[in-house]
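This report concerns only the one structure given below.
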Amino acid sequence: MDKSIEKASEILDSLSEGVITIDKKFVITFINSAAESFIGTTRQDAIGKSCKSICRSELCEADCPITQVIKSGKSIHNFNSRMIAKNKKIIPVVLNAVVLRNNRNEPKAGVLSFHPASNPDSLKSVAIPNSFCGIIGKSKAMLDIFQLIREISRSDASVLIQGETGTGKELIANAVHEQSQRASNAYVKVNCAVIPPQLLASELFGHTKGAFTDAKSDRVGRFELADQGTIFLDEIAEMPTNMQTQLLRILQNGSFERLGDSNTRTVNVRVIAATNMDIQSAIDGNRFRNDLFFRLNVIPIHIPPLRERKEDLPFLFEHFIQVFNQRYNRQIEEIDTDALDILLQHEWPGNIREVENVIEYAFIRSKKNHSICICGLPPSLRAHIVCKEESGSTGIASMKSEQLVALLDQNNWNQSKVADILGVHRSTVWRKLKSIQS
Amino acid sequence: MTEMLANYYLMNHKFEAAVAELETALINCPNSLSIKRKLMLGYVITDRSDEALPLLSSMVEDDLPSLVGNFDSDEVCPFSILHEIITGTHKSARSAENLTKSLGIIWLFQDVPKSLIYLEQAYANDTKNVSLLKVINMVRGYIKESRSSVSQSSYT
């Protein structure tokens, strides 16, 4: 080993903080002694593996800290998260993440440092006014759901959450887990729609080395990771019927086999499932097993769409204004009466996600410093109403480059999403971006 | 925005997001072979083979021999997974023409003659596709050249 590298390793090994470095492909290039001991792994075992297979945090596939740093350009400090040790124990950790860049300022590697959190309560949801476990709502329908979640806190029964897209099914699932007796154990989320069907069995139940072409080593499935805890199966109606049979078995007696393995394993996992589809028509069309539905639907939770609980809208507006004030460093205090009228009359087919997008759009487009006016609303909402504040062209062409870059940054540089927010075609965003870059 | 972020999306099979990242990354780094290759594969996997072809064409033109047999050096998008996804989940959504085009593109990195068979099948159904024809001609030239060098070496 190069002497300078050896020296650096010695220094890092002397720290009480765990340190893991990864390369551009999220493969571990170094792990210090403290990290080995926290996670219960060895350097030999960890180096060369993908970081998500070693850290196994619920953030790995949702929004890993390193990718957050890449997107925001800012290092993360004292971020509360959880890792799953090799012995499956959940370790609440406080972590820092930085990204190393090459001479063209492009990310080339990442460094994670972490130590176990001294106060696991710091993982609880940040208190948000008019909310329950981070879910905003004061309508009777939502208060009833919150009450139900409290009532089932001592139960391990399966929960089936149904609701239109954007109604916050995942937040409800989080709340069910957070309020349950399993709250300090593993909480694993799986979106059944995004995992290719042929890989779903391996994801859920794991596989042994050589089980299929790409199975280069044994892999623990999500059910094993969730042992003693909770698994959240989002978009359950998208699950292929052959997988539904295996899921039914695990719901019945907790047993399963890894792909390519004849050993039967047993886990104790609470299942929360969610769907935005009409599950009854899926059953009628033989796309969803009736017996699985009854197993899952022990505690049904139906989240009403926003158009049926418009009394929650003002609280949601207030919440997202606070969120975006912080994100965009603005001081918006209110929504003008005319704009508010339009927002309250709207039917919100995209539910809370649409509210979030509309308020974000308004932050970018509003001409006033302290309020959101009609000109800040998306064209589809304001239709023919013209704002007094609006003058000349307000299309993407008149947008400042920093505004566009900020909006792209906030949306992970997803040009399609930004185009949706701005109400223009994706190619228009691309052209504008190109003109800025040139 | 960055190749590293795109790697993360590819690893987690968020292909649309990966393509969006790679498109911007390529603007910033137009000569990166690794970005080009991932973007091209991203297009293939998201059923946008016609957008993949110009990229493939430029890579083949630059250095076809270096592409062949060099697929799994990039572990974030291994060939077997890519092949399974194209022929499995997305198969029903893809037209038969796009499926042969997609297979022609990915097999080029593993087995050139097999790739040529798929590419020629695709061209038979899309005879106005200039990018496709350009790739086919270069691949044919490469196969011819490889065969002649093999036969020459067998005489010496």
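Ordering of the structure tokens sets the chain letters (A, B, ...), residue numbers begin anew at 1 in every chain, and ligands are numbered from 1 in the order given.
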Distance limit 6 Å, atoms considered: only C-alpha atoms. Which chain B residues sit that close to chain A? Return them as an mmCIF file with C-alpha atoms, in the first residue's frame.
```
data_model
loop_
_atom_site.group_PDB
_atom_site.id
_atom_site.type_symbol
_atom_site.label_atom_id
_atom_site.label_comp_id
_atom_site.auth_asym_id
_atom_site.auth_seq_id
_atom_site.Cartn_x
_atom_site.Cartn_y
_atom_site.Cartn_z
ATOM 1 C CA MET B 4 -22.668 10.324 -10.536
ATOM 2 C CA ASN B 7 -25.337 6.296 -11.810
ATOM 3 C CA ALA B 20 -32.640 13.447 -17.829
#
```
Practice task
Check segment 6-154 of chain B with DSSP on the backbone and list each residue it calls alpha helix (DSSP H), as a PyMOL selection string.
Solution key: chain B and resi 6-11+15-28+33-45+49-67+79-87+96-107+112-124+130-154
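Residues in contact with Lys38 of chain B at up to 9 Å, not including ones fewer than 5 positions away on its chain and judged by only C-alpha atoms, are Ala6, Asn7, Leu10, Ala18, Val19, Leu22, Leu33, Tyr43, Asp74 and Cys77 of chain B.
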Could you save those same residues with all heavy atoms as a short mmCIF file (atom, residue, chain, number, x, y, z; two decimals), in the first residue's frame?
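So out-v8.cif came out as:
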```
data_model
loop_
_atom_site.label_atom_id
_atom_site.label_comp_id
_atom_site.auth_asym_id
_atom_site.auth_seq_id
_atom_site.Cartn_x
_atom_site.Cartn_y
_atom_site.Cartn_z
N ALA B 6 -26.62 10.27 -12.14
CA ALA B 6 -27.22 9.35 -13.12
C ALA B 6 -26.92 7.91 -12.74
O ALA B 6 -27.78 7.03 -12.85
CB ALA B 6 -26.69 9.65 -14.51
N ASN B 7 -25.69 7.66 -12.26
CA ASN B 7 -25.34 6.30 -11.81
C ASN B 7 -26.28 5.83 -10.72
O ASN B 7 -26.72 4.68 -10.69
CB ASN B 7 -23.91 6.26 -11.26
CG ASN B 7 -22.87 6.34 -12.35
OD1 ASN B 7 -23.18 6.07 -13.51
ND2 ASN B 7 -21.66 6.72 -12.00
N LEU B 10 -29.55 4.95 -12.25
CA LEU B 10 -29.45 3.68 -12.99
C LEU B 10 -29.45 2.50 -12.03
O LEU B 10 -30.13 1.51 -12.25
CB LEU B 10 -28.18 3.66 -13.85
CG LEU B 10 -28.19 4.53 -15.10
CD1 LEU B 10 -26.80 4.56 -15.73
CD2 LEU B 10 -29.20 4.04 -16.13
N ALA B 18 -32.55 8.99 -14.88
CA ALA B 18 -31.15 8.85 -15.30
C ALA B 18 -30.94 9.51 -16.66
O ALA B 18 -29.94 10.21 -16.87
CB ALA B 18 -30.78 7.37 -15.37
N VAL B 19 -31.88 9.31 -17.57
CA VAL B 19 -31.75 9.90 -18.91
C VAL B 19 -31.72 11.42 -18.81
O VAL B 19 -30.89 12.09 -19.43
CB VAL B 19 -32.91 9.42 -19.83
CG1 VAL B 19 -33.00 10.27 -21.08
CG2 VAL B 19 -32.71 7.96 -20.23
N LEU B 22 -28.36 12.44 -17.60
CA LEU B 22 -27.29 12.19 -18.58
C LEU B 22 -27.36 13.16 -19.75
O LEU B 22 -26.33 13.54 -20.31
CB LEU B 22 -27.38 10.74 -19.07
CG LEU B 22 -26.97 9.70 -18.02
CD1 LEU B 22 -27.48 8.31 -18.39
CD2 LEU B 22 -25.45 9.66 -17.84
N LEU B 33 -17.21 9.23 -23.21
CA LEU B 33 -17.72 7.98 -23.78
C LEU B 33 -18.65 7.28 -22.80
O LEU B 33 -19.69 6.73 -23.18
CB LEU B 33 -16.54 7.07 -24.12
CG LEU B 33 -16.90 5.76 -24.83
CD1 LEU B 33 -17.51 6.04 -26.19
CD2 LEU B 33 -15.68 4.86 -24.96
N TYR B 43 -31.76 5.57 -23.31
CA TYR B 43 -32.76 5.74 -24.38
C TYR B 43 -33.35 4.39 -24.78
O TYR B 43 -34.55 4.25 -24.98
CB TYR B 43 -32.13 6.40 -25.61
CG TYR B 43 -31.91 7.89 -25.49
CD1 TYR B 43 -30.76 8.48 -26.02
CD2 TYR B 43 -32.85 8.72 -24.88
CE1 TYR B 43 -30.55 9.85 -25.93
CE2 TYR B 43 -32.63 10.09 -24.79
CZ TYR B 43 -31.48 10.65 -25.32
OH TYR B 43 -31.29 11.99 -25.23
N ASP B 74 -19.01 -1.50 -16.80
CA ASP B 74 -19.83 -0.50 -16.15
C ASP B 74 -20.91 -1.22 -15.34
O ASP B 74 -21.95 -1.57 -15.86
CB ASP B 74 -20.46 0.37 -17.23
CG ASP B 74 -20.72 1.74 -16.69
OD1 ASP B 74 -20.79 1.86 -15.46
OD2 ASP B 74 -20.83 2.66 -17.49
N CYS B 77 -24.99 -0.68 -14.87
CA CYS B 77 -26.02 -1.07 -15.84
C CYS B 77 -25.60 -2.36 -16.53
O CYS B 77 -25.31 -2.38 -17.71
CB CYS B 77 -26.18 0.06 -16.85
SG CYS B 77 -27.76 0.03 -17.66
#
```
